[in-house]
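Reviewing the structure listed below.
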Amino acid sequence: MATLKEISMRLKSVSNIAKITKSMKMIASTKVTKAQRAMETARIYGNSATALYEHAGTQDQEGGKNLVIVVSSDSGLCGGIHSSLAKHTRKFLAAHPDSQLAVLGQKAKTQLQRDHRENIVISFEQVAKNVPTFNEASLIAHEILKTGVEFDTAQIVYNRFKSVIAFDTVNVPVHSGKALAESPKLAAYEVEEEVMKNFEEFTFANTLYWAIAEGKASEMAAKRTAMENATKNAGEMIQKLTLTYNRSRQATITNELIDIITGAMAV
């Protein structure tokens, strides 16, 4: 059985951890609000991009090349949010093994490079450390296109924000300019190649900005939930340790009193 000193040290350690997790929960709560505001703005960009594909009837080309862009981050302590992205990506790669990967964030990269190191063509770190911006998404999109990777459809895998306690891991397609030009409802119109190329790049950055903002909001909400659960568990552990400490202390006092009384009676 642990001594009083050991129980006291453990009690102090758990109390300090509870203070840290409580502070992290408060910080995450503040960041969730900021991330949600940025997400609402980004959704306007993303919905405008996907709406054109729907109206034009753009579809994935059979046998076309795929580029999978995984939107993760470098931060931990936020539940299984990064594992969900890795699991969803592995499932897609199992059906499309020749797909290439672009990974945003160190957490998803660490998990995916175990099995699909050869598929990763580019990766990014320190993405959206603060509030996501369109400028940051544009730079990332530019770097991906600058690698010269060829694709007919880019599948952006991200965590879609549902509420402060729930998210869905989904993928949204971004079609190439060629696929868009061959759309049933757009093929009848004559569009200059340069204009289509510019629109392809703009749509790519738009959708990527949307995915990063959604992922950031989901991450902060998951971190808040994780820290809340950690603080709750620490509180329960403190109660149990306090009870154990008091019982051990009472037993020690009782044993000392018994020794004193026994000694007095023997005199």
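Here's how to read the names in the structure tokens: chain A, B, ... by the order shown, residue numbers from 1 in each chain, ligand numbers from 1 in the order shown.
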
Contacts of A:Val71 at 9 Å or less, counting only C-alpha atoms, minus same-chain residues fewer than 3 places along, as a PyMOL selection string?
chain A and resi 85+102-105+108+156-159+208+211-212+215

I need the helix (DSSP H, G or I) residues of stretch 58-220 of chain A per DSSP on the backbone, written as JSON, numbers by chain.
{"A": [81, 82, 83, 84, 85, 86, 87, 88, 89, 90, 91, 92, 93, 94, 95, 106, 107, 108, 109, 110, 111, 112, 113, 114, 115, 116, 117, 118, 119, 134, 135, 136, 137, 138, 139, 140, 141, 142, 143, 144, 145, 146, 177, 178, 179, 180, 181, 193, 194, 195, 196, 197, 198, 199, 200, 201, 202, 203, 204, 205, 206, 207, 208, 209, 210, 211, 212, 213, 214, 215, 216, 217, 218, 219, 220]}

Within 6 Å of stretch 54-63 of chain A using only C-alpha atoms, minus same-chain residues under 2 positions, as number ranges by chain:
A: 51-52, 180, 183-186

Output N, CA, C and O atoms for every residue in the selection just made, as a compact mmCIF listing (two decimals), in the first residue's frame.
# COMPACT_ATOMS: atom_id res chain seq x y z
N ALA A 51 -21.32 24.95 -55.98
CA ALA A 51 -22.58 25.22 -56.67
C ALA A 51 -22.40 25.21 -58.19
O ALA A 51 -23.26 24.71 -58.93
N LEU A 52 -21.28 25.71 -58.68
CA LEU A 52 -21.02 25.73 -60.11
C LEU A 52 -20.91 24.32 -60.67
O LEU A 52 -21.44 24.00 -61.73
N LEU A 180 -14.19 20.49 -66.08
CA LEU A 180 -15.23 21.51 -66.04
C LEU A 180 -15.65 21.93 -67.44
O LEU A 180 -16.84 22.13 -67.72
N SER A 183 -18.13 19.60 -69.02
CA SER A 183 -19.41 19.43 -68.32
C SER A 183 -20.57 19.55 -69.30
O SER A 183 -20.53 20.41 -70.21
N PRO A 184 -21.61 18.74 -69.15
CA PRO A 184 -22.74 18.74 -70.10
C PRO A 184 -23.37 20.11 -70.32
O PRO A 184 -23.71 20.48 -71.45
N LYS A 185 -23.55 20.88 -69.26
CA LYS A 185 -24.24 22.16 -69.36
C LYS A 185 -23.30 23.33 -69.65
O LYS A 185 -23.75 24.47 -69.76
N LEU A 186 -21.98 23.03 -69.77
CA LEU A 186 -21.02 24.10 -70.02
C LEU A 186 -20.30 23.91 -71.35
O LEU A 186 -19.70 24.85 -71.87

For A:Ser83, which residue among A:Arg247, A:His96, A:Lys216, A:Lys107 is the nearest when counting only C-alpha atoms?
A:Lys107

As a list in words, please: the residues near A:Glu190 (cut-off 12 Å, only C-alpha atoms, same-chain neighbours under 6 positions excluded).
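Everything that qualifies: Ala181, Glu182 and Met196 of chain A.
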
Output all heavy atoms for every residue in that selection, as a compact mmCIF listing (two decimals), in the first residue's frame.
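The new file out.txt reads:
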# COMPACT_ATOMS: atom_id res chain seq x y z
N ALA A 181 -14.67 22.05 -68.34
CA ALA A 181 -14.98 22.45 -69.72
C ALA A 181 -15.82 21.40 -70.44
O ALA A 181 -16.61 21.73 -71.34
CB ALA A 181 -13.69 22.70 -70.49
N GLU A 182 -15.67 20.14 -70.04
CA GLU A 182 -16.42 19.05 -70.67
C GLU A 182 -17.75 18.77 -69.97
O GLU A 182 -18.43 17.80 -70.31
CB GLU A 182 -15.56 17.78 -70.66
CG GLU A 182 -14.32 17.89 -71.54
CD GLU A 182 -13.43 16.67 -71.42
OE1 GLU A 182 -13.75 15.78 -70.58
OE2 GLU A 182 -12.42 16.59 -72.15
N MET A 196 -10.46 29.61 -68.09
CA MET A 196 -10.77 28.35 -67.41
C MET A 196 -9.66 27.96 -66.45
O MET A 196 -9.92 27.45 -65.35
CB MET A 196 -10.98 27.24 -68.45
CG MET A 196 -11.54 25.95 -67.87
SD MET A 196 -13.17 26.17 -67.12
CE MET A 196 -14.17 26.51 -68.58

Mind the document's chain letters and residue numbers, and return as number ranges by chain the residues of stretch 51-235 of chain A that DSSP labels strand (DSSP E or B).
A: 66-71, 100-104, 120-124, 153-163, 166-175

For the selection you just gave me, I'd like the residues written to a file as a short mmCIF file (atom, residue, chain, number, x, y, z; two decimals), in the first residue's frame, keeping C-alpha atoms.
data_model
loop_
_atom_site.label_atom_id
_atom_site.label_comp_id
_atom_site.auth_asym_id
_atom_site.auth_seq_id
_atom_site.Cartn_x
_atom_site.Cartn_y
_atom_site.Cartn_z
CA ASN A 66 -6.69 11.63 -58.24
CA LEU A 67 -4.93 13.94 -55.81
CA VAL A 68 -5.92 13.58 -52.16
CA ILE A 69 -5.36 16.64 -49.96
CA VAL A 70 -5.61 15.86 -46.23
CA VAL A 71 -6.39 18.90 -44.06
CA GLN A 100 -1.10 11.01 -54.80
CA LEU A 101 -1.16 12.73 -51.43
CA ALA A 102 -0.70 16.29 -50.23
CA VAL A 103 -0.83 16.52 -46.44
CA LEU A 104 -1.47 19.64 -44.36
CA ILE A 120 3.03 11.72 -50.46
CA VAL A 121 4.25 14.34 -52.94
CA ILE A 122 4.20 17.40 -50.65
CA SER A 123 3.42 18.25 -47.04
CA PHE A 124 2.94 21.42 -45.01
CA THR A 153 -9.93 15.48 -59.56
CA ALA A 154 -8.57 16.64 -56.23
CA GLN A 155 -10.31 15.16 -53.21
CA ILE A 156 -9.95 17.40 -50.16
CA VAL A 157 -10.39 15.34 -46.97
CA TYR A 158 -11.33 17.42 -43.93
CA ASN A 159 -13.41 17.42 -40.74
CA ARG A 160 -16.74 19.15 -41.30
CA PHE A 161 -17.99 21.05 -38.26
CA LYS A 162 -21.45 19.96 -37.06
CA SER A 163 -21.56 21.26 -33.48
CA ALA A 166 -19.63 16.54 -33.19
CA PHE A 167 -17.90 16.55 -36.57
CA ASP A 168 -17.93 14.46 -39.76
CA THR A 169 -14.88 13.44 -41.78
CA VAL A 170 -15.77 13.97 -45.44
CA ASN A 171 -14.12 14.72 -48.77
CA VAL A 172 -15.11 17.38 -51.29
CA PRO A 173 -14.00 17.19 -54.95
CA VAL A 174 -12.24 19.92 -56.90
CA HIS A 175 -12.34 19.23 -60.65
#

Give me, as a tab-separated table, the closest atom pair and its distance (Å, one decimal) for every residue of stretch 53-133 of chain A within a cut-off of 7 Å of stretch 218-225 of chain A, counting only C-alpha atoms, rows sorted by chain and rising number.
residue	atom	partner	partner_atom	distance
A:Leu77	CA	A:Lys223	CA	6.2
A:Cys78	CA	A:Lys223	CA	3.9
A:Gly79	CA	A:Ala222	CA	6.3
A:Ile81	CA	A:Glu219	CA	6.8

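Reported to one decimal place, the separation of atom CA of A:Lys197 from atom CA of A:Asp152 is 13.1 Å.
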
Separation of atom CA of A:Glu192 and atom CA of A:Ser99, in Å?
29.2 Å

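Remark: for A:Ser8, the closest of the candidate residues A:Ala251, A:Leu243, A:Ala94, A:Leu257 is A:Leu243 (distances computed over only C-alpha atoms).
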
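Counting only C-alpha atoms, the residue from A:Thr110, A:Glu256, A:Pro132, A:Tyr245 that sits nearest to A:Thr3 is A:Tyr245.
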
Just to confirm, what's the straight-line distance from atom CA of A:Thr262 to atom CA of A:Leu4 in Å (one decimal)?
24.0 Å

List every residue of stretch 203-248 of chain A that has an atom at most 6 Å from any atom of stretch 24-46 of chain A, giving for each one its closest atom pair and the distance in Å to one decimal, counting only C-alpha atoms, sorted by chain and then by ascending residue number, as a tab-separated table.
residue	atom	partner	partner_atom	distance
A:Asn206	CA	A:Tyr45	CA	5.6
A:Thr207	CA	A:Gly46	CA	4.9
A:Trp210	CA	A:Ala42	CA	4.7
A:Ala213	CA	A:Met39	CA	4.9
A:Glu214	CA	A:Met39	CA	5.6
A:Ala217	CA	A:Ala35	CA	4.8
A:Met220	CA	A:Val32	CA	5.3
A:Ala221	CA	A:Val32	CA	5.9
A:Arg224	CA	A:Lys25	CA	4.9
A:Met227	CA	A:Lys25	CA	5.2
